[in-house]
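**Q** Mind looking over this structure? Questions follow.
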Amino acid sequence: MNTRGLKLPLAVAGLSLMALIFIATLKTMQAAETSMASDTGSTEVRIDNFTFQAPTITVPAGSEVTWVNRDDIPHTVVSEDKVFTSNALDTDDKFTYKFSQPGTYKYFCSLHPKMTGEVVVK
Amino acid sequence: MSDSRDKLLRMRSNEITEDHNHDGVDRRGFLRCMAWAGTGALCVMQGGVLKSFALPDAGKKKIKGDLSFVQISDSHMGFNKPANPDVTGTFQTALDRIKALNVQPEFLLHTGDITHLSKTEQFDTVEQMLKQNSMPQTFYVPGEHDFLEDDGRTYLDRFGKNAQGSGWYSFDQKGVHFIGLVNVVNLKAGGLGNLGQEQLEWLEKDVKHLSHSTPIVIFAHIPLWAVYPQWGWGTEDSAQALAYLKKFGSVSVLNGHIHQTMQKVEGNVTFHTACSTAFPQPHPGAAEGPGPMKVPADQLRSVLGITDVNFVHGSHALAVTDSNLA
């Protein structure tokens with residue numbers, strides 16, 4: 001058998017394989033970057049049945065948190081340190097706040113103060 | 001939580017659960033008269049002996065009193081979710097019930113959540129309906145739903161002219177001293193209703209010089225006793241308020257907020273909560289949360305109601321009658 005004839009196809013196959021692996025890796029990295037970008041984008045907290053459905057969330061600094069009221073009673077989102085205060089949110093109303101600074105932000109519903117939650121910003 | 005449920009079950013079977021005084025008052029009979037979300041009973045205390053009349057018979061009797069008024073509560077004008085898409089209609093039914101009473105009330109007490117979202121047009125609707133139905137003068141205290149905008153300016157501009165702070169005030173009617181308290185503002189995270197130091201100091205001064213034989217009626221939105229703290233149904237600093245009232249022989253506390261009738265007698269104080277005219281809420285612990293409770297449409301009016309109160313000079317307690325809108 002003429003090995004010289006085999007060497008070239010093998011090399012091409014090897015290079016192609018490496019290229020494929022490289023592209024696959026790139027795409028994975030891009031995907032990872034995209035999901036990281038959406039992590040710093042927006043997080044939703046659902047309000048329903050007199051509870052903040054995710055009572056504690058952790059988000060990166062610079063991200064927004066949007067509260068959506070799916071309950072059949074109005075609620076408010078009020079930070080204990082008065083950093084943010086929403087209007088009264090009726091069913092399907094939303095309130096968004098952008099957390100620029102790291103820290104722990106405790107909040108509650110001023111109408112039903114037993115409803116509490118916190119946003120941890122890293 | 002299960003302790004509360006046991007207690008409620010025992011109350012329903014007429015066992016005495018609150019007996020802090022041994023003053024000859026037949027509390028077992030009184031508890032039997034509790035109007036529990038739907039039925040009505042007229043209970044009249046006469047010299048410590050209880051007489052009871054079941055509705056509708058009581059409605060036909062002329063209950064003699066020196067003073068008669070009606071408590072309405074939690075009209076939530078503007079609410080339109082499945083639990084009751086027609087709060088205007090059920091409010092009208094409540095007014096019709098008042099008009100049908102044998103002894104017409106001299107005034108109304110509204111124990112708050114007049115509106116659902118503190119909107120001007122919602123306050124307007126309530127006032128217009130009272131006027132169109134020739135209702136007598138109405139005294140209000142706000143619920144948390146009435147203070148959603150402008151720190152309550154919409155409510156205070158309308159109903160707070162003779163009030164102080166966030167809307168507390170007192171007045172006298174035929175020798176009975178009425179005190180409207182506000183326990184729905186400046187609520188703290190994780191807390192209950194709250195009166196606050198300024199209001200408590202005002203209350204102490206307000207009752208200081210009254211003789212201990214003056215009957216006292218307190219009305220406020222959130223219950224002044226711990227009905228069910230897990231759902232925020234109580235007031236943090238009510239004990240201090242009640243301490244200022246210890247000297248009085250007859251204290252009645254009328255509340256709303258929980259959208260069902262409950263009563264408790266503790267010493268010289270009788271606590272009573274009223275039904276809503278808009279929608280019912282679950283019994284303590286009977287649901288995941290205290291939200292509007294859906295019932296079949298043909299049962300809705302049986303779980304909404306008004307409270308008729310009659311006072312006879314010389315008796316220790318008010319005669320309180322709950323009736324539903326069915």
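In the structure tokens, the first chain shown is A, the next is B, and so on; residue numbers restart at 1 for each chain, and ligands run from 1 in the order shown.
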Return the neighbours of chain B among the residues of chain A, cut-off 6 Å, counting only C-alpha atoms, as an MDAnalysis selection string.
**A** chainID A and resid 49 108 111 113:114
**Q** From a DSSP calculation on the backbone, collect every residue of segment 64-306 of chain B in helix (DSSP H, G or I) and output the set as JSON, numbers by chain.
**A** {"B": [87, 88, 89, 90, 91, 92, 93, 94, 95, 96, 97, 98, 99, 120, 121, 122, 123, 124, 125, 126, 127, 128, 129, 130, 131, 132, 144, 145, 146, 150, 151, 152, 153, 154, 155, 156, 157, 158, 159, 197, 198, 199, 200, 201, 202, 203, 204, 205, 206, 207, 208, 229, 230, 231, 238, 239, 240, 241, 242, 243, 297, 298, 299, 300, 301, 302, 303]}
**Q** Give me the residues within 8 Å of Ala54 of chain A as a PyMOL selection string, counting only C-alpha atoms and dropping any in the same chain fewer than 4 places off.
**A** chain A and resi 45-46+117
**Q** Set the distance at 6 Å and use only C-alpha atoms: which residues neighbour Thr66 of chain A once local chain neighbours fewer than 6 positions away are removed? I'd like the list as a PyMOL selection string.
**A** chain A and resi 44+95-96
**Q** Export N, CA and C atoms of the chosen residues as a JSON list (two decimals), in the first residue's frame?
**A**
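Once everything was written out, this is out13.json:
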```
[["chain", "number", "residue", "atom", "x", "y", "z"],
["A", 44, "GLU", "N", -37.28, 37.32, 37.17],
["A", 44, "GLU", "CA", -38.68, 37.58, 37.51],
["A", 44, "GLU", "C", -39.03, 36.93, 38.83],
["A", 95, "PHE", "N", -43.36, 45.50, 38.55],
["A", 95, "PHE", "CA", -42.45, 46.51, 39.08],
["A", 95, "PHE", "C", -41.03, 46.01, 38.86],
["A", 96, "THR", "N", -40.20, 46.87, 38.27],
["A", 96, "THR", "CA", -38.82, 46.48, 37.98],
["A", 96, "THR", "C", -37.85, 47.40, 38.70]]
```
**Q** Which residues come within 7 Å of Glu118 of chain A, counting only C-alpha atoms, excluding same-chain residues fewer than 2 positions away, as a PDB file with N, CA and C atoms, in the first residue's frame?
**A**
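Resulting contents of selection-v1.pdb:
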```pdb
ATOM      1  N   PRO A  55     -38.643  33.519  47.573  1.00  0.00           N
ATOM      2  CA  PRO A  55     -38.414  34.430  48.694  1.00  0.00           C
ATOM      3  C   PRO A  55     -36.983  34.967  48.762  1.00  0.00           C
ATOM      4  N   THR A  56     -36.014  34.180  48.294  1.00  0.00           N
ATOM      5  CA  THR A  56     -34.629  34.669  48.236  1.00  0.00           C
ATOM      6  C   THR A  56     -34.094  34.422  46.847  1.00  0.00           C
ATOM      7  N   ILE A  57     -33.577  35.455  46.210  1.00  0.00           N
ATOM      8  CA  ILE A  57     -32.914  35.261  44.917  1.00  0.00           C
ATOM      9  C   ILE A  57     -31.541  35.906  44.983  1.00  0.00           C
ATOM     10  N   THR A 104     -27.429  42.867  50.405  1.00  0.00           N
ATOM     11  CA  THR A 104     -28.650  42.087  50.638  1.00  0.00           C
ATOM     12  C   THR A 104     -29.801  43.062  50.855  1.00  0.00           C
ATOM     13  N   TYR A 105     -30.815  42.930  50.035  1.00  0.00           N
ATOM     14  CA  TYR A 105     -31.935  43.872  50.060  1.00  0.00           C
ATOM     15  C   TYR A 105     -33.184  43.140  50.535  1.00  0.00           C
ATOM     16  N   LYS A 106     -33.566  43.400  51.791  1.00  0.00           N
ATOM     17  CA  LYS A 106     -34.791  42.779  52.308  1.00  0.00           C
ATOM     18  C   LYS A 106     -35.973  43.653  51.924  1.00  0.00           C
ATOM     19  N   TYR A 107     -37.082  42.997  51.575  1.00  0.00           N
ATOM     20  CA  TYR A 107     -38.265  43.782  51.210  1.00  0.00           C
ATOM     21  C   TYR A 107     -39.514  43.082  51.740  1.00  0.00           C
ATOM     22  N   VAL A 120     -30.351  39.077  47.007  1.00  0.00           N
ATOM     23  CA  VAL A 120     -28.926  39.115  47.331  1.00  0.00           C
ATOM     24  C   VAL A 120     -28.198  39.478  46.047  1.00  0.00           C
TER      25      VAL A 120
END
```
**Q** Excluding Leu254 of chain B and its own-chain neighbours fewer than 5 positions away, which residues fall within 7 Å of it when counting only C-alpha atoms? Please give them as a compact mmCIF listing (two decimals) with C-alpha atoms, in the first residue's frame.
**A**
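Just written: part.txt:
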```
# COMPACT_ATOMS: atom_id res chain seq x y z
CA ILE B 218 -63.59 51.28 69.49
CA PHE B 219 -63.65 50.77 65.75
CA ALA B 220 -60.58 50.00 63.66
CA PHE B 271 -64.34 42.01 70.36
CA HIS B 272 -66.34 41.58 67.18
CA THR B 273 -65.34 41.41 63.51
```
**Q** Once DSSP has gone over the backbone, tell me which residues of segment 72-239 of chain B are in strand (DSSP E or B), as a short mmCIF file (atom, residue, chain, number, x, y, z; two decimals) with C-alpha atoms, in the first residue's frame.
**A**
```
data_model
loop_
_atom_site.label_atom_id
_atom_site.label_comp_id
_atom_site.auth_asym_id
_atom_site.auth_seq_id
_atom_site.Cartn_x
_atom_site.Cartn_y
_atom_site.Cartn_z
CA ILE B 72 -70.49 47.79 57.44
CA MET B 77 -65.27 49.17 45.74
CA PHE B 107 -75.48 56.34 61.82
CA LEU B 108 -73.18 53.87 60.09
CA LEU B 109 -69.66 52.84 61.01
CA HIS B 110 -67.48 51.70 58.09
CA THR B 115 -62.20 50.99 48.20
CA THR B 138 -71.32 57.47 58.14
CA PHE B 139 -68.14 57.44 60.22
CA TYR B 140 -65.10 55.83 58.61
CA GLN B 164 -55.67 63.62 63.68
CA TRP B 168 -57.97 58.78 64.29
CA TYR B 169 -60.74 60.60 66.15
CA SER B 170 -63.50 60.20 68.70
CA PHE B 171 -67.08 61.35 69.09
CA ASP B 172 -70.00 60.90 71.47
CA GLN B 173 -73.49 59.69 70.76
CA VAL B 176 -71.55 56.35 74.35
CA HIS B 177 -67.97 57.31 73.49
CA PHE B 178 -66.84 56.16 70.03
CA ILE B 179 -63.16 56.01 69.09
CA GLY B 180 -61.99 55.44 65.51
CA VAL B 184 -53.03 50.14 58.80
CA GLY B 193 -51.36 45.94 62.34
CA ASN B 194 -49.86 48.88 64.20
CA ILE B 216 -66.79 52.74 74.95
CA VAL B 217 -66.90 51.59 71.33
CA ILE B 218 -63.59 51.28 69.49
CA PHE B 219 -63.65 50.77 65.75
CA TYR B 228 -54.46 34.67 63.42
CA TRP B 233 -54.66 39.22 61.59
CA THR B 235 -52.31 44.42 66.01
#
```
**Q** State, in Å with one decimal place, the distance from atom CA of Phe159 of chain B to atom CA of Ala317 of chain B.
**A**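 Atom CA of Phe159 of chain B sits 28.3 Å away from atom CA of Ala317 of chain B.
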**Q** Within 9 Å of Asp237 of chain B, counting only C-alpha atoms, which residues show up once you throw out same-chain ones fewer than 6 positions away? Write them as JSON, numbers by chain, please.
**A** {"B": [193, 194, 195, 196, 197, 200, 224]}
**Q** In terms of the shortest atom-to-atom distance over only C-alpha atoms, which of B:Ser211, B:Thr111, B:Gln240, B:Gln128 is closest to Val182 of chain B?
**A**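 Looking at the shortest contact to Val182 of chain B, the residue is B:Thr111.
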**Q** Considering only C-alpha atoms, state which residue in the set B:Asp74, B:Asp298, B:Asp151, B:Glu106 is at the smallest distance from Gln260 of chain B.
**A** B:Asp74
